[in-house]
Amino acid sequence: ADGMSVYPRPAGKTGNHGIGWGAIEPFSFSVPAGWEEVGGFAGEGYGGQEVDLKFESKSGGRLEVVLAPIRRFIDPVPENVSIKDIGSQLKVIKAFGPEITGGDPIDEEDIMSMSIVEGPNGRPYYTYDLTKRMVVSATVLGDRAYLITLKASAGQWRKAGVKEELYKIRDSFNVLK
């Protein structure tokens, strides 16, 4: 009805997801018409993280779902770990800054707003609006952080509806387990 469809991560999708990592849990998000999955990027990434998938839209921007190990923050990983166990919203966004930006740190002045949202399964998600036209949602399940990052160019950001579309995608991100 609103031009959005749900993208579920295929159960059989595999990739080089690091030695000692647990299973990749399925996740989903809403995708507007005109957004296409690009390339097979499993294994590409910054540091210990990996880009699991990328989508792009000529008019709307691009998105990446990044998987990042959390053992650098909490080891051993407790059975029912949540993103709150890693730390505050500020600590998390600063810690995963390079994963989100592709190498650059994120500082307090880069954060326009942040909030904590409860997902459909009661899992907490940290959401962020960052400078440079980026919006992010992050959560944790098992030994991984799951992050969706959406970016738009200055021209795309100014187009009617693009900003709202990026927020819709971010807010639909759901780790299904």
# chains A, B, ... in the order shown; residues from 1 in each chain; ligands from 1
call {"tool": "residues_around", "arguments": {"residues": "A:Arg71", "least_positions_apart": "6", "cutoff": "9 Å", "atoms": "only C-alpha atoms", "output": "list in words"}}
result
Val77, Asp143 and Arg144 of chain A
call {"tool": "residues_around", "arguments": {"residues": "A:Val162", "least_positions_apart": "6", "cutoff": "12 Å", "atoms": "only C-alpha atoms", "output": "ChimeraX atom specification"}}
result
/A:32,57-62,133-135,150-156,168-169
call {"tool": "atom_distance", "arguments": {"atom1": "atom CA of A:Met112", "atom2": "atom CA of A:Lys132"}}
result
10.2 Å
call {"tool": "select_by_dssp", "arguments": {"residues": "stretch 3-176 of chain A", "states": "strand (DSSP E)", "output": "PyMOL selection string"}}
result
chain A and resi 4-8+27-32+36-37+50-57+61-69+111-118+124-130+134-141+144-151+174-175
call {"tool": "closest_residue", "arguments": {"among": "A:Tyr7, A:Phe27, A:Phe96, A:Trp157", "to": "A:Lys177", "atoms": "only C-alpha atoms"}}
result
A:Phe27
call {"tool": "closest_residue", "arguments": {"among": "A:Leu53, A:Ile86, A:Ala160, A:Ala95", "to": "A:Thr139", "atoms": "only C-alpha atoms"}}
result
A:Ile86
call {"tool": "closest_residue", "arguments": {"among": "A:Ile24, A:Val51, A:Val140, A:Leu176", "to": "A:Gly102", "atoms": "only C-alpha atoms"}}
result
A:Val51
call {"tool": "residues_around", "arguments": {"residues": "A:Leu141", "least_positions_apart": "5", "cutoff": "9 Å", "atoms": "only C-alpha atoms", "output": "number ranges by chain"}}
result
A: 25, 80-83, 123, 146, 175, 177
call {"tool": "atom_distance", "arguments": {"atom1": "atom CA of A:Leu166", "atom2": "atom CA of A:Val31"}}
result
9.5 Å
call {"tool": "closest_residue", "arguments": {"among": "A:Gly39, A:Asn174, A:Gly161, A:Thr149", "to": "A:Gly119", "atoms": "only C-alpha atoms"}}
result
A:Asn174
call {"tool": "closest_residue", "arguments": {"among": "A:Ser115, A:Asn121, A:Thr131, A:Thr101", "to": "A:Leu63", "atoms": "only C-alpha atoms"}}
result
A:Thr101
call {"tool": "closest_residue", "arguments": {"among": "A:Ile148, A:Pro78, A:Ser5, A:Tyr128", "to": "A:Lys54", "atoms": "only C-alpha atoms"}}
result
A:Ile148
call {"tool": "residues_around", "arguments": {"residues": "A:Val6", "least_positions_apart": "6", "cutoff": "7 Å", "atoms": "only C-alpha atoms", "output": "PyMOL selection string"}}
result
chain A and resi 28-31
call {"tool": "write_last_selection", "arguments": {"atoms": "N, CA, C and O atoms", "output": "PDB file, in the first residue's frame"}}
result
ATOM      1  N   SER A  28      14.989  -8.653   8.967  1.00  0.00           N
ATOM      2  CA  SER A  28      14.201  -8.116   7.857  1.00  0.00           C
ATOM      3  C   SER A  28      14.122  -6.606   7.993  1.00  0.00           C
ATOM      4  O   SER A  28      14.422  -6.043   9.052  1.00  0.00           O
ATOM      5  N   PHE A  29      13.723  -5.969   6.905  1.00  0.00           N
ATOM      6  CA  PHE A  29      13.452  -4.532   6.901  1.00  0.00           C
ATOM      7  C   PHE A  29      12.580  -4.233   5.695  1.00  0.00           C
ATOM      8  O   PHE A  29      12.512  -5.025   4.756  1.00  0.00           O
ATOM      9  N   SER A  30      11.896  -3.126   5.745  1.00  0.00           N
ATOM     10  CA  SER A  30      11.043  -2.722   4.630  1.00  0.00           C
ATOM     11  C   SER A  30      11.886  -2.045   3.566  1.00  0.00           C
ATOM     12  O   SER A  30      12.778  -1.256   3.883  1.00  0.00           O
ATOM     13  N   VAL A  31      11.589  -2.366   2.316  1.00  0.00           N
ATOM     14  CA  VAL A  31      12.334  -1.812   1.187  1.00  0.00           C
ATOM     15  C   VAL A  31      11.354  -1.115   0.244  1.00  0.00           C
ATOM     16  O   VAL A  31      10.396  -1.728  -0.202  1.00  0.00           O
TER      17      VAL A  31
END
call {"tool": "select_by_dssp", "arguments": {"residues": "stretch 33-175 of chain A", "states": "alpha helix (DSSP H)", "output": "NGL selection string"}}
result
:A and (83-86 or 89-95 or 97-101 or 154-158 or 162-172)
call {"tool": "atom_distance", "arguments": {"atom1": "atom CA of A:Leu130", "atom2": "atom CA of A:Ile93"}}
result
9.9 Å
